[in-house]
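For reference, the structure is listed below as structure tokens.
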Amino acid sequence: MAKTPIRFSHNREEKAVFVDEGANLLDVLRRSIGDLTPKYGCGQGTCGACTVLVDGAPQLSCLTLAETVDGRAVDTVAGLSDGARLSALQRAFMDNFAAQCGYCTDGMLMSATALLKHNPRPTREEVVEAISGNLCRCTGYEAIINAILDASQGGARRTG
Amino acid sequence: MPIEVRTHATLAETARAFAASRGAHILGGGTVLMRAVNAADPSVATILRPADPVLRQIRTEGREIAIGAGVTMAEIIAHRELGFLAPVARLVGGPQVRTTATIGGNLFAAAPYGDVAGALLALGASVVTGEGRRMPLDDLFRPHAPRAFVATILVAPSRDFHFVKVSRVRPKGVSVMSIAANLPRPGGRLQDPRIVFNGMGARPMRAVAAERALSGQPLDAATIARAASLAAEGLAPEDDAIASAWYRREVAPVHLRRLLEGAA
């Protein structure tokens with residue numbers, strides 16, 4: 001099978017890899033780069049567990065043809081923390097018990113990261129909309145919504 | 001099965017490759033095509049990736065707006081001139097889908113997707129192929145229409161456009177059906193009304209019987225009741241995991257009536 005060389009920034013670090021034709025970005029991140037934070041959930045764009053940022057915009061890596069990120073910037077949860085120092089958003093997820101099994105968490109974190117970058121003081125409705133493409137089957141959305149609101153500039157969790 | 005991906009820098013090259021390769025698929029954002037790739041669908045062997053920047057452009061051409069087939073839902077929502085389409089684009093998928101799903105891809109997305117295609121059909125949009133041939137969207141959606149590589153969508157903004165998407169999950173849920181309607185009423189009477197259902201057949205379909213009932217009439221209670229009763233006539237809903245064909249036929253008149261009452 002023919003391989004295509006691509007170069008892209010992965011969490012601000014330049015990477016060059018050969019990808020199989022038709023390979024999706026999720027496979028390349030997990031198998032070629034070794035970044036296991038984006039998760040394989042459904043492979044059809046329903047669950048959002050594979051969400052990454054491409055040039056800052058949330059995108060489903062399982063539905064992204066890998067070669068389309070050539071020359072672009074891909075950010076994942078692996079780039080959120082500084083070593084063992086978690087980001088404010090990650091700490092808020094811990095403080096709010098916003099992860100139970102944790103499988104949806106990486107996708108949730110990336111959708112929330114994209115939201116807070118463009119909208120540092122989101123309303124509760126805006127948070128719900130921002131994570132509407134991410135399914136959670138066990139934690140429950142309330143804890144996740146509260147964590148994102150806690151991490152926002154408004155700070156205090158708002159309900160209702 | 002190995003997949004071949006071919007990237008072409010110009011529209012003309014993509015158009016030539018598309019004409020030469022019968023089974024080739026055009027990559028838009030990938031939100032539909034990559035699902036087939038991930039499922040190892042054997043019908044997807046050749047993917048053409050058009051890289052011509054014109055596909056990402058939005059520009060005004062007379063009273064129409066020319067939207068490149070590669071323009072994403074998020075770009076439509078953000079564009080000032082496309083405010084009339086924004087309520088439709090905003091209801092496509094979740095945020096991660098809207099950053100990648102394209103207007104051109106939506107024309108070929110099988111039901112229950114294709115709500116934007118339905119809206120464009122109601123607005124009387126046209127498409128321009130990679131070879132530069134212009135045709136009404138009605139022709140592209142005709143049964144057995146020849147396959148086409150769409151480069152640009154031409155649509156005139158309308159103040160008489162109305163849209164409703166019926167889904168079971170909010171804020172993100174696929175359509176049970178959607179209804180798009182363009183209802184111009186010069187002098188108080190409907191002129192050339194266009195009503196399109198998506199999810200009531202394999203492709204977006206015009207509710208011709210309902211359109212006929214509305215044409216030339218004021219949008220009053222009696223006309224609305226008559227049009228609503230004809231909503232599903234000539235349409236071909238199917239059973240799927242979201243709803244049965246029977247259910248769709250039963251509720252289509254209810255949703256059309258509500259839309260028309262909202263427009264009146």
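Ordering of the structure tokens sets the chain letters (A, B, ...); residue numbers start at 1 within each chain; ligands are numbered from 1 in the order shown.
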- Message: So that I can check the surroundings of Gly41 (chain A), please list as a VMD selection string every protein, DNA and RNA residue that reaches within 10 Å of it, counting only C-alpha atoms and ignoring chain neighbours fewer than 5 positions away.
- Response: chain A and resid 46 to 50 62 103 to 104 135
Write out the residues from the selection above, keeping C-alpha atoms, as a CSV table (one decimal), in the first residue's frame.
chain,number,residue,atom,x,y,z
A,46,THR,CA,-21.3,9.8,16.9
A,47,CYS,CA,-19.5,9.7,20.3
A,48,GLY,CA,-16.8,12.4,20.2
A,49,ALA,CA,-14.3,10.4,22.2
A,50,CYS,CA,-11.7,11.1,19.4
A,62,CYS,CA,-11.7,9.3,13.4
A,103,TYR,CA,-13.5,7.1,28.3
A,104,CYS,CA,-15.3,10.3,27.1
A,135,LEU,CA,-21.4,11.3,24.5
- Just the residues within 6 Å of region 149-154 of chain A, please, counting only C-alpha atoms, with nothing from its chain fewer than 4 positions along; format it as a ChimeraX atom specification. /A:89,92,120-121
- Enumerate as a count of residues only the residues belonging to chain A that approach chain B to within 6 Å, with only C-alpha atoms taken into account. 9
- Message: Applying 9 Å and only C-alpha atoms, which residues near region 229-243 of chain B remain after dropping the ones on its own chain fewer than 3 positions away? List them as an MDAnalysis selection string.
- Response: chainID B and resid 112 167:168 174:176 197 199:202 205:211 213 224:226 246:250 252:254 256:257
- Within 12 Å of Leu29 (chain A), counting only C-alpha atoms, which residues qualify if same-chain residues fewer than 5 places away don't, as JSON, numbers by chain? {"A": [8, 9, 10, 11, 15, 16, 17, 18, 19, 23, 24, 34, 35, 36, 37, 38, 39, 40, 50, 51, 52, 61, 62, 64, 65, 66, 69, 74, 75, 76, 77, 78]}
- Mind checking which residues fall within 10 Å of Val128 (chain A), counting only C-alpha atoms, ignoring those fewer than 2 positions away in the same chain, and posting them as a VMD selection string? (chain A and resid 112 122 to 126 130 to 134 141 to 142 144 to 145 148) or (chain B and resid 170 to 171)
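Among the candidates A:Ala147, A:Gly43, A:Arg30, A:Gly71, the residue lying nearest to Arg91 (chain A) is A:Ala147 (atoms considered: only C-alpha atoms).
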- Quick one: distance from CA of Val150 (chain B) to CA of Ala86 (chain B) in Å, one decimal? 21.0 Å
- Note on the structure: CA of Ala15 (chain B) to CA of Phe108 (chain B) measures 16.6 Å
- Rank nothing, just name the residue among B:Leu121, B:Ile76, B:Ala12, B:Leu260 nearest to Leu214 (chain B), using only C-alpha atoms.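 Of all the options, B:Leu260 lies closest to Leu214 (chain B).
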With 8 Å as the cut-off and only C-alpha atoms counted, what is the closest atom pair between each nearby residue of region 49-122 of chain B and region 177-182 of chain B? Distances in Å to one decimal, ordered by chain and number, as CSV.
residue,atom,partner,partner_atom,distance
B:Pro112,CA,B:Met177,CA,7.2
B:Asp115,CA,B:Ser178,CA,6.4
B:Gly118,CA,B:Ala180,CA,6.3
B:Ala119,CA,B:Ala180,CA,5.0
B:Ala122,CA,B:Ala181,CA,5.5
- Please give the complete set of residues from region 2-158 of chain A that DSSP, run on the backbone, assigns to strand (DSSP E), formatted as a list in words.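 Matching residues, listed in order: Lys3, Thr4, Pro5, Ile6, Arg7, Phe8, Ser9, His10, Glu13, Glu14, Lys15, Ala16, Val17, Phe18, Val19, Asp20, Thr51, Val52, Leu53, Val54, Ala57, Pro58, Gln59, Leu60, Ala73, Val74 and Asp75 of chain A.
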- helix (DSSP H, G or I) call set, DSSP backbone run, region 101-137 of chain B, as number ranges by chain: B: 103-106, 115-122, 137
For the selection just defined, write its residues with N, CA and C atoms to a file, as a short mmCIF file (atom, residue, chain, number, x, y, z; two decimals), in the first residue's frame.
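The resulting file, selection_1.cif, is shown below:
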data_model
loop_
_atom_site.label_atom_id
_atom_site.label_comp_id
_atom_site.auth_asym_id
_atom_site.auth_seq_id
_atom_site.Cartn_x
_atom_site.Cartn_y
_atom_site.Cartn_z
N ILE B 103 -20.89 22.11 2.73
CA ILE B 103 -22.18 22.32 2.06
C ILE B 103 -22.28 21.43 0.84
N GLY B 104 -21.15 21.22 0.15
CA GLY B 104 -21.17 20.34 -1.02
C GLY B 104 -21.41 18.90 -0.62
N GLY B 105 -20.78 18.47 0.46
CA GLY B 105 -20.97 17.10 0.93
C GLY B 105 -22.40 16.85 1.36
N ASN B 106 -23.04 17.87 1.93
CA ASN B 106 -24.41 17.70 2.41
C ASN B 106 -25.38 17.39 1.27
N ASP B 115 -30.04 17.91 5.59
CA ASP B 115 -31.00 18.98 5.88
C ASP B 115 -30.64 20.27 5.16
N VAL B 116 -29.35 20.54 5.01
CA VAL B 116 -28.93 21.76 4.31
C VAL B 116 -29.30 21.66 2.83
N ALA B 117 -29.14 20.45 2.29
CA ALA B 117 -29.52 20.23 0.89
C ALA B 117 -31.00 20.53 0.70
N GLY B 118 -31.83 20.11 1.64
CA GLY B 118 -33.26 20.38 1.57
C GLY B 118 -33.54 21.88 1.60
N ALA B 119 -32.80 22.59 2.46
CA ALA B 119 -32.98 24.05 2.55
C ALA B 119 -32.61 24.71 1.23
N LEU B 120 -31.50 24.25 0.64
CA LEU B 120 -31.05 24.84 -0.63
C LEU B 120 -32.05 24.56 -1.74
N LEU B 121 -32.64 23.37 -1.71
CA LEU B 121 -33.64 23.03 -2.73
C LEU B 121 -34.87 23.94 -2.58
N ALA B 122 -35.28 24.18 -1.33
CA ALA B 122 -36.43 25.06 -1.11
C ALA B 122 -36.12 26.49 -1.56
N LEU B 137 -30.69 22.75 -8.67
CA LEU B 137 -30.54 21.65 -7.72
C LEU B 137 -31.62 20.58 -7.95
#
- Task: Please identify all polymer residues within 9 Å of Gly140 (chain A), counting only C-alpha atoms, omitting same-chain residues fewer than 5 positions from it, and present them as a PyMOL selection string.
- Result: chain A and resi 98-100
Write to file, as a compact mmCIF listing (two decimals), in the first residue's frame, the residues of the selection just made, with C-alpha atoms.
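Output file part32.txt is given in full below:
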# COMPACT_ATOMS: atom_id res chain seq x y z
CA ALA A 98 -16.38 14.83 36.14
CA ALA A 99 -14.86 11.49 35.12
CA GLN A 100 -16.10 8.06 36.10
Near region 127-135 of chain B, counting only C-alpha atoms, which residues have an atom at most 6 Å away, once you skip same-chain residues fewer than 2 positions from it, shown as an mmCIF file with N, CA and C atoms, in the first residue's frame?
data_model
loop_
_atom_site.group_PDB
_atom_site.id
_atom_site.type_symbol
_atom_site.label_atom_id
_atom_site.label_comp_id
_atom_site.auth_asym_id
_atom_site.auth_seq_id
_atom_site.Cartn_x
_atom_site.Cartn_y
_atom_site.Cartn_z
ATOM 1 N N LEU B 11 -9.679 22.628 -10.005
ATOM 2 C CA LEU B 11 -11.003 22.061 -10.253
ATOM 3 C C LEU B 11 -11.002 21.205 -11.509
ATOM 4 N N ALA B 15 -12.167 17.428 -11.918
ATOM 5 C CA ALA B 15 -13.286 17.107 -12.811
ATOM 6 C C ALA B 15 -12.875 16.016 -13.803
ATOM 7 N N PHE B 149 -19.731 16.320 -10.081
ATOM 8 C CA PHE B 149 -18.774 16.913 -9.150
ATOM 9 C C PHE B 149 -19.185 18.378 -8.988
ATOM 10 N N VAL B 150 -19.783 18.694 -7.850
ATOM 11 C CA VAL B 150 -20.281 20.045 -7.603
ATOM 12 C C VAL B 150 -19.149 20.911 -7.056
ATOM 13 N N ALA B 151 -18.932 22.055 -7.700
ATOM 14 C CA ALA B 151 -17.874 22.965 -7.254
ATOM 15 C C ALA B 151 -18.433 24.142 -6.470
ATOM 16 N N THR B 152 -19.604 24.626 -6.901
ATOM 17 C CA THR B 152 -20.159 25.842 -6.297
ATOM 18 C C THR B 152 -21.672 25.707 -6.163
ATOM 19 N N ILE B 153 -22.199 26.290 -5.112
ATOM 20 C CA ILE B 153 -23.649 26.354 -4.928
ATOM 21 C C ILE B 153 -24.044 27.828 -5.038
ATOM 22 N N LEU B 154 -25.037 28.116 -5.859
ATOM 23 C CA LEU B 154 -25.502 29.492 -6.034
ATOM 24 C C LEU B 154 -26.883 29.605 -5.408
#
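Interatomic distance, CA of Asn198 (chain B) against CA of Val88 (chain B): 12.3 Å.
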